[in-house]
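Engineer: Starting off with a structure, shown below.
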Amino acid sequence: MKKKFSPPPYPYEQLDKFRNLAESLPGGAVDLSIGTPCDPVPEVVKRSITSEMSLDSARPYPSSVGSEDFLKAASEWMERCLKVEIPETSIGACIGSKEIVTGLPAVLKLRNPDKDTVLYPAVSYPSYSMGAQLANCRSVAVPVDEEWRIDLSRIDKNDIERAICLWVNSPGNPAGAIEDLEKITDWGKANEVMILSDECYIEFTWETSPKSVLQSSKEGVLAVHSLSKRSNLAGMRVGFYAGDLELVNYLREVRKHQGFMLSGPAQNAGVAAMNDQAHVDEQKQLYLGRLSKLMNIFDSLGIETVMPEGAFYLWIAAPEADEWRLVQELSKTLGMVVTPGEFFGEKGKGYIRVAAVATDDRIELLEQRAGV
């Protein structure tokens, strides 16, 4: 009898005891474990959500592929921000990005039943591996180099032949590395492997302009975008996918049958968010400032930190490679809740991830506790 699938414990629930420990300090816990936005929804989006048009859009079934306005806004955002022309026919709406990240392997396997393997970075967001498991596929972790970038040269030939897709995440979670997407795209074409690029942090880069897989190719690639981070809209679940026309058309049709529909009000919010860049520029400066403050706190503790190339996480080597002891000490002494590196794969052990997602007054509390 085949073994039944049993979902593993949800990683962040394992941190509850440390949250309780941190909460016991005067002023309570400062939770930097989950990358959830802490700042207000942009005013331009608030006005859109409460408009009569937005409220009226809650009544009928929304378009599964995305309304004309939503697809137009996504296309114009990519041209303005990424300098790439992607027609509206090569874009589809999704309910945030996590649902499509975990759901893509299953529909790709139906499209190509001779393949059964999902490749993903060995240190990465755990949903890439979970998507493979939910599709009853092999999940194969691709080694990363010393800079936390995916190492294509170390992928086994047999795994390449069986691969449905290769996931990349740039800037990456948890380490913030920016991948060489042109090199990865060329590798995908040479090996006939679809490249799936998770670009939810694309506008949060600290020394370079946004880099998308779509700047290298529009064929054999799919970029996945989310408004959760850039526009503080995690609760609205607004995202889209774009790229290879044949794949996008396939996903559009399959998702109609699956009943995946981004709500009308959420689509209107997405249009407003994508049409405004000012709030993103302001948010970017907030995250950069918070990263710098957190680095100073860890420096005061004698723990070395490095500014990431992108995203809003610090990826820090724990003293003596004991990340769980550091997690406990930070919660006990500073009331800071962080994530152990093993949540991001076996190769993440010995590190912690610190998300710069607390408001400035809460980070100032950490500074006071640390004596900075």
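Following the order of the structure tokens, first chain is A, next is B, and so on, with residues numbered from 1 inside each chain and ligands from 1 in the order they appear.
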What lies within 10 Å of segment 62-76 of chain A using only C-alpha atoms, ignoring chain neighbours under 5 positions off, as a ChimeraX atom specification?

Structural biologist: /A:57,81-95,225,239-242,248-249,251-253,255-275

Engineer: Atoms to include: N, CA and C atoms. Write the selected residues as a tab-separated table (two decimals), in the first residue's frame.

Structural biologist:
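Wrote out.tsv, looks like this:
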```tsv
chain	number	residue	atom	x	y	z
A	57	SER	N	-18.12	46.09	-8.14
A	57	SER	CA	-17.43	44.97	-8.77
A	57	SER	C	-17.45	43.71	-7.91
A	81	CYS	N	8.50	49.87	-15.40
A	81	CYS	CA	9.44	49.48	-14.35
A	81	CYS	C	10.55	48.56	-14.86
A	82	LEU	N	10.19	47.62	-15.73
A	82	LEU	CA	11.14	46.60	-16.17
A	82	LEU	C	11.69	46.86	-17.56
A	83	LYS	N	11.09	47.84	-18.27
A	83	LYS	CA	11.52	48.17	-19.63
A	83	LYS	C	11.32	47.01	-20.60
A	84	VAL	N	10.23	46.27	-20.41
A	84	VAL	CA	9.90	45.17	-21.33
A	84	VAL	C	8.45	45.34	-21.79
A	85	GLU	N	8.21	44.99	-23.05
A	85	GLU	CA	6.87	45.06	-23.60
A	85	GLU	C	6.24	43.67	-23.56
A	86	ILE	N	5.25	43.52	-22.71
A	86	ILE	CA	4.53	42.26	-22.58
A	86	ILE	C	3.07	42.53	-22.91
A	87	PRO	N	2.55	41.94	-24.00
A	87	PRO	CA	1.16	42.19	-24.36
A	87	PRO	C	0.20	41.63	-23.31
A	88	GLU	N	-0.98	42.22	-23.26
A	88	GLU	CA	-1.97	41.79	-22.27
A	88	GLU	C	-2.39	40.33	-22.46
A	89	THR	N	-2.23	39.82	-23.67
A	89	THR	CA	-2.56	38.41	-23.94
A	89	THR	C	-1.56	37.45	-23.31
A	90	SER	N	-0.43	37.97	-22.86
A	90	SER	CA	0.60	37.14	-22.23
A	90	SER	C	0.64	37.32	-20.72
A	91	ILE	N	-0.49	37.76	-20.14
A	91	ILE	CA	-0.58	38.02	-18.71
A	91	ILE	C	-1.86	37.40	-18.18
A	92	GLY	N	-1.82	36.92	-16.94
A	92	GLY	CA	-3.01	36.40	-16.28
A	92	GLY	C	-3.00	36.76	-14.81
A	93	ALA	N	-4.18	37.00	-14.25
A	93	ALA	CA	-4.28	37.34	-12.83
A	93	ALA	C	-4.18	36.09	-11.97
A	94	CYS	N	-3.64	36.25	-10.76
A	94	CYS	CA	-3.64	35.15	-9.80
A	94	CYS	C	-3.94	35.69	-8.41
A	95	ILE	N	-4.31	34.81	-7.51
A	95	ILE	CA	-4.75	35.20	-6.17
A	95	ILE	C	-3.53	35.28	-5.27
A	225	HIS	N	4.42	37.66	-10.25
A	225	HIS	CA	4.54	38.91	-9.51
A	225	HIS	C	3.44	39.03	-8.47
A	239	GLY	N	-1.99	39.29	-7.50
A	239	GLY	CA	-0.78	38.94	-8.23
A	239	GLY	C	-1.08	38.70	-9.69
A	240	PHE	N	-0.03	38.45	-10.46
A	240	PHE	CA	-0.22	38.09	-11.86
A	240	PHE	C	1.00	37.30	-12.35
A	241	TYR	N	0.79	36.57	-13.43
A	241	TYR	CA	1.87	35.84	-14.09
A	241	TYR	C	1.97	36.34	-15.52
A	242	ALA	N	3.17	36.27	-16.09
A	242	ALA	CA	3.38	36.80	-17.43
A	242	ALA	C	4.57	36.11	-18.08
A	248	VAL	N	1.01	30.80	-20.93
A	248	VAL	CA	0.01	31.68	-20.33
A	248	VAL	C	-1.39	31.32	-20.82
A	249	ASN	N	-1.53	31.05	-22.11
A	249	ASN	CA	-2.84	30.65	-22.64
A	249	ASN	C	-3.32	29.35	-22.00
A	251	LEU	N	-2.47	28.19	-19.00
A	251	LEU	CA	-2.83	28.47	-17.61
A	251	LEU	C	-4.16	29.21	-17.51
A	252	ARG	N	-4.36	30.14	-18.40
A	252	ARG	CA	-5.63	30.88	-18.40
A	252	ARG	C	-6.82	29.93	-18.53
A	253	GLU	N	-6.72	28.98	-19.46
A	253	GLU	CA	-7.84	28.06	-19.69
A	253	GLU	C	-8.01	27.08	-18.53
A	255	ARG	N	-7.12	27.51	-15.41
A	255	ARG	CA	-7.54	28.20	-14.21
A	255	ARG	C	-9.02	28.60	-14.26
A	256	LYS	N	-9.56	28.77	-15.46
A	256	LYS	CA	-11.00	28.99	-15.57
A	256	LYS	C	-11.76	27.79	-15.02
A	257	HIS	N	-11.31	26.60	-15.37
A	257	HIS	CA	-11.97	25.38	-14.90
A	257	HIS	C	-11.75	25.17	-13.40
A	258	GLN	N	-10.62	25.63	-12.90
A	258	GLN	CA	-10.34	25.49	-11.47
A	258	GLN	C	-11.13	26.48	-10.62
A	259	GLY	N	-11.66	27.50	-11.26
A	259	GLY	CA	-12.43	28.50	-10.52
A	259	GLY	C	-11.58	29.53	-9.83
A	260	PHE	N	-10.31	29.69	-10.25
A	260	PHE	CA	-9.45	30.70	-9.65
A	260	PHE	C	-9.82	32.06	-10.22
A	261	MET	N	-10.35	32.94	-9.36
A	261	MET	CA	-10.76	34.27	-9.79
A	261	MET	C	-10.34	35.28	-8.74
A	262	LEU	N	-9.53	36.23	-9.15
A	262	LEU	CA	-9.17	37.34	-8.27
A	262	LEU	C	-10.39	38.25	-8.15
A	263	SER	N	-10.83	38.55	-6.95
A	263	SER	CA	-12.08	39.28	-6.75
A	263	SER	C	-12.05	40.63	-7.46
A	264	GLY	N	-13.24	41.11	-7.81
A	264	GLY	CA	-13.35	42.39	-8.49
A	264	GLY	C	-12.72	43.54	-7.71
A	265	PRO	N	-13.06	43.71	-6.42
A	265	PRO	CA	-12.42	44.78	-5.65
A	265	PRO	C	-10.91	44.64	-5.58
A	266	ALA	N	-10.41	43.41	-5.50
A	266	ALA	CA	-8.96	43.20	-5.45
A	266	ALA	C	-8.32	43.60	-6.77
A	267	GLN	N	-8.99	43.31	-7.88
A	267	GLN	CA	-8.45	43.73	-9.18
A	267	GLN	C	-8.41	45.25	-9.29
A	268	ASN	N	-9.45	45.92	-8.80
A	268	ASN	CA	-9.45	47.38	-8.82
A	268	ASN	C	-8.33	47.94	-7.95
A	269	ALA	N	-8.11	47.32	-6.80
A	269	ALA	CA	-7.01	47.75	-5.94
A	269	ALA	C	-5.67	47.55	-6.64
A	270	GLY	N	-5.56	46.45	-7.36
A	270	GLY	CA	-4.33	46.17	-8.09
A	270	GLY	C	-4.06	47.20	-9.17
A	271	VAL	N	-5.09	47.61	-9.86
A	271	VAL	CA	-4.94	48.64	-10.90
A	271	VAL	C	-4.40	49.93	-10.28
A	272	ALA	N	-5.02	50.35	-9.18
A	272	ALA	CA	-4.58	51.58	-8.51
A	272	ALA	C	-3.13	51.47	-8.04
A	273	ALA	N	-2.78	50.31	-7.48
A	273	ALA	CA	-1.42	50.12	-6.95
A	273	ALA	C	-0.38	50.10	-8.06
A	274	MET	N	-0.68	49.41	-9.16
A	274	MET	CA	0.30	49.32	-10.25
A	274	MET	C	0.46	50.63	-11.00
A	275	ASN	N	-0.56	51.48	-10.95
A	275	ASN	CA	-0.48	52.76	-11.65
A	275	ASN	C	0.22	53.84	-10.84
```

Engineer: Could you pull the residues within 7 Å of segment 228-233 of chain A, counting only C-alpha atoms, minus those fewer than 2 positions along the same chain, as a list in words?

Structural biologist: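 Counting only the stated atoms, we get Pro37, Asp39, Pro40, Val41, Pro42, Cys200, Tyr201, Ser226, Gly235, Met236, Arg237, Val238, Ala273 and Val280 of chain A.
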
Engineer: Convert the current residue selection to file output with C-alpha atoms, as a compact mmCIF listing (two decimals), in the first residue's frame.

Structural biologist:
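The resulting part14.txt:
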```txt
# COMPACT_ATOMS: atom_id res chain seq x y z
CA PRO A 37 3.79 44.12 5.65
CA ASP A 39 2.91 49.75 7.00
CA PRO A 40 -0.41 51.29 5.90
CA VAL A 41 -2.14 50.49 2.65
CA PRO A 42 -1.30 53.34 0.20
CA CYS A 200 7.78 39.33 -5.67
CA TYR A 201 10.69 41.44 -4.33
CA SER A 226 2.81 39.97 -6.31
CA GLY A 235 -4.47 40.65 2.65
CA MET A 236 -5.92 41.46 -0.78
CA ARG A 237 -4.03 38.58 -2.48
CA VAL A 238 -3.26 40.38 -5.75
CA ALA A 273 -1.42 50.12 -6.95
CA VAL A 280 6.67 52.00 -3.71
```

Engineer: What lies within 10 Å of Leu301 of chain A using only C-alpha atoms, ignoring chain neighbours under 5 positions off, as a ChimeraX atom specification?

Structural biologist: /A:295-296,370-372

Engineer: If you keep C-alpha atoms, can you produce a file of those selected residues as an mmCIF file, in the first residue's frame?

Structural biologist:
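Below is the file selection38.cif, written as the result:
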```cif
data_model
loop_
_atom_site.group_PDB
_atom_site.id
_atom_site.type_symbol
_atom_site.label_atom_id
_atom_site.label_comp_id
_atom_site.auth_asym_id
_atom_site.auth_seq_id
_atom_site.Cartn_x
_atom_site.Cartn_y
_atom_site.Cartn_z
ATOM 1 C CA MET A 295 22.368 45.600 11.144
ATOM 2 C CA ASN A 296 23.520 48.042 13.823
ATOM 3 C CA ALA A 370 20.202 46.229 22.814
ATOM 4 C CA GLY A 371 21.673 49.482 24.168
ATOM 5 C CA VAL A 372 22.375 50.850 20.686
#
```

Engineer: Residues of segment 185-311 of chain A in strand (DSSP E or B) according to DSSP, as a PyMOL selection string?

Structural biologist: chain A and resi 194-198+205+221-226+238-243+310

Engineer: Applying 8 Å and only C-alpha atoms, which residues near Thr185 of chain A remain after dropping the ones on its own chain fewer than 5 positions away? List them as a ChimeraX atom specification.

Structural biologist: /A:195,213,216-217,220-221

Engineer: Write the selection just made, keeping C-alpha atoms, as a PDB file, in the first residue's frame?

Structural biologist:
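Contents of part25.pdb, freshly written:
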```pdb
ATOM      1  CA  ILE A 195      12.023  28.662 -16.113  1.00  0.00           C
ATOM      2  CA  VAL A 213      13.548  37.038 -16.420  1.00  0.00           C
ATOM      3  CA  SER A 216      16.079  38.084 -21.250  1.00  0.00           C
ATOM      4  CA  SER A 217      13.281  36.228 -23.015  1.00  0.00           C
ATOM      5  CA  GLY A 220      10.217  29.390 -22.223  1.00  0.00           C
ATOM      6  CA  VAL A 221       9.842  31.556 -19.123  1.00  0.00           C
TER       7      VAL A 221
END
```

Engineer: Find the spatial neighbours of Trp167 of chain A, counting only C-alpha atoms, within a cut-off of 7 Å - ignore same-chain residues fewer than 2 positions away - and output them as a PyMOL selection string.

Structural biologist: chain A and resi 119-120+165+169+195-197

Engineer: Could you find all residues in segment 5-254 of chain A that DSSP calls alpha helix (DSSP H) from the backbone, and write them as an MDAnalysis selection string?

Structural biologist: chainID A and resid 16:23 43:49 52:56 68:77 98:111 127:134 157:162 181:191 245:254

Engineer: Would you output that residue set with C-alpha atoms, as a CSV table (one decimal), in the first residue's frame?

Structural biologist:
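Written out: selection_30.csv:
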```csv
chain,number,residue,atom,x,y,z
A,16,ASP,CA,4.9,30.1,19.0
A,17,LYS,CA,6.9,29.3,22.1
A,18,PHE,CA,9.5,32.0,21.1
A,19,ARG,CA,6.8,34.5,20.5
A,20,ASN,CA,5.4,33.8,24.0
A,21,LEU,CA,8.9,34.2,25.4
A,22,ALA,CA,9.4,37.5,23.6
A,23,GLU,CA,5.9,38.7,24.6
A,43,GLU,CA,-3.9,56.1,0.1
A,44,VAL,CA,-4.4,55.7,-3.7
A,45,VAL,CA,-5.3,52.1,-3.1
A,46,LYS,CA,-7.6,52.9,-0.1
A,47,ARG,CA,-9.6,55.3,-2.3
A,48,SER,CA,-9.9,52.7,-5.0
A,49,ILE,CA,-11.1,50.0,-2.5
A,52,GLU,CA,-18.5,52.9,-5.7
A,53,MET,CA,-17.1,51.2,-8.8
A,54,SER,CA,-15.0,48.9,-6.6
A,55,LEU,CA,-17.9,48.0,-4.4
A,56,ASP,CA,-20.1,47.3,-7.4
A,68,GLU,CA,-9.1,44.6,-19.2
A,69,ASP,CA,-8.0,47.3,-16.8
A,70,PHE,CA,-6.0,44.9,-14.6
A,71,LEU,CA,-4.2,43.4,-17.6
A,72,LYS,CA,-3.5,46.8,-19.0
A,73,ALA,CA,-2.1,48.1,-15.7
A,74,ALA,CA,0.2,45.1,-15.4
A,75,SER,CA,1.4,45.5,-19.0
A,76,GLU,CA,2.1,49.2,-18.5
A,77,TRP,CA,3.8,48.6,-15.1
A,98,LYS,CA,1.7,31.6,-3.3
A,99,GLU,CA,-1.3,29.9,-4.7
A,100,ILE,CA,0.3,29.8,-8.2
A,101,VAL,CA,3.7,28.9,-6.8
A,102,THR,CA,2.2,25.8,-5.1
A,103,GLY,CA,-0.2,25.0,-7.9
A,104,LEU,CA,1.9,25.3,-11.0
A,105,PRO,CA,3.7,22.0,-10.8
A,106,ALA,CA,0.4,20.0,-10.9
A,107,VAL,CA,-1.0,21.7,-14.0
A,108,LEU,CA,2.4,21.6,-15.7
A,109,LYS,CA,2.6,17.9,-15.0
A,110,LEU,CA,-0.8,17.4,-16.7
A,111,ARG,CA,0.6,19.4,-19.7
A,127,SER,CA,6.6,26.6,-1.1
A,128,TYR,CA,8.6,25.6,-4.2
A,129,SER,CA,9.2,22.2,-2.7
A,130,MET,CA,5.7,21.9,-1.3
A,131,GLY,CA,4.2,22.6,-4.7
A,132,ALA,CA,6.1,19.6,-6.1
A,133,GLN,CA,4.9,17.4,-3.2
A,134,LEU,CA,1.3,18.5,-3.8
A,157,LYS,CA,21.7,15.3,-16.0
A,158,ASN,CA,19.0,12.8,-15.1
A,159,ASP,CA,17.1,15.4,-13.1
A,160,ILE,CA,17.3,17.8,-16.1
A,161,GLU,CA,15.8,15.2,-18.4
A,162,ARG,CA,12.9,14.7,-16.0
A,181,LEU,CA,18.6,35.5,-15.1
A,182,GLU,CA,19.9,35.7,-18.6
A,183,LYS,CA,22.3,32.8,-17.9
A,184,ILE,CA,19.4,30.8,-16.3
A,185,THR,CA,17.2,31.6,-19.3
A,186,ASP,CA,19.8,30.4,-21.8
A,187,TRP,CA,20.2,27.2,-19.7
A,188,GLY,CA,16.5,26.6,-19.8
A,189,LYS,CA,16.3,26.9,-23.5
A,190,ALA,CA,19.3,24.7,-24.0
A,191,ASN,CA,17.9,22.0,-21.8
A,245,LEU,CA,2.4,33.1,-24.6
A,246,GLU,CA,1.6,29.4,-25.1
A,247,LEU,CA,2.0,28.6,-21.4
A,248,VAL,CA,0.0,31.7,-20.3
A,249,ASN,CA,-2.8,30.6,-22.6
A,250,TYR,CA,-2.7,27.1,-21.2
A,251,LEU,CA,-2.8,28.5,-17.6
A,252,ARG,CA,-5.6,30.9,-18.4
A,253,GLU,CA,-7.8,28.1,-19.7
A,254,VAL,CA,-7.0,25.6,-16.9
```

Engineer: Please compute the atom CA of Gln215 of chain A-atom CA of Thr36 of chain A distance, one decimal, in Å.

Structural biologist: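 Atom CA of Thr36 of chain A lies 28.1 Å from atom CA of Gln215 of chain A.
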
Engineer: Compile a residue-level contact table for segment 20-42 of chain A against segment 329-342 of chain A at a cut-off of 7 Å, reporting for every qualifying residue the shortest atom pair and its distance in Å to one decimal, with only C-alpha atoms counted, rows ordered by chain and ascending number, as a tab-separated table.

Structural biologist:
```
residue	atom	partner	partner_atom	distance
A:Leu21	CA	A:Lys332	CA	6.0
A:Ala22	CA	A:Gly335	CA	3.9
A:Glu23	CA	A:Gly335	CA	6.6
A:Leu25	CA	A:Gly335	CA	6.3
A:Gly28	CA	A:Gly335	CA	6.7
A:Ala29	CA	A:Gly335	CA	4.8
A:Val30	CA	A:Met336	CA	5.0
A:Asp31	CA	A:Val337	CA	4.7
A:Leu32	CA	A:Val338	CA	5.2
A:Ser33	CA	A:Val338	CA	4.2
```

Engineer: Go ahead and compute the interatomic distance for atom CA of Ile164 of chain A and atom CA of Leu152 of chain A, in Å to one decimal.

Structural biologist: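 Interatomic distance here is 15.5 Å.
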
Engineer: For atom CA of Met307 of chain A and atom CA of Val140 of chain A, quote the distance in Å rounded to one decimal.

Structural biologist: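 Interatomic distance here is 28.9 Å.
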
Engineer: Select, from A:Thr50, A:Thr208, A:Thr359, A:Gln14, the residue with the minimum atom-to-atom distance to Glu309 of chain A, counting only C-alpha atoms.

Structural biologist: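 Among the listed residues, the smallest separation from Glu309 of chain A belongs to A:Thr208.
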
Engineer: Tell me which of A:Lys211, A:Met194, A:Ala321, A:Ile34 sits closest to Ala355 of chain A, counting only C-alpha atoms.

Structural biologist: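 Comparing A:Lys211, A:Met194, A:Ala321, A:Ile34 against Ala355 of chain A, the winner is A:Ile34.
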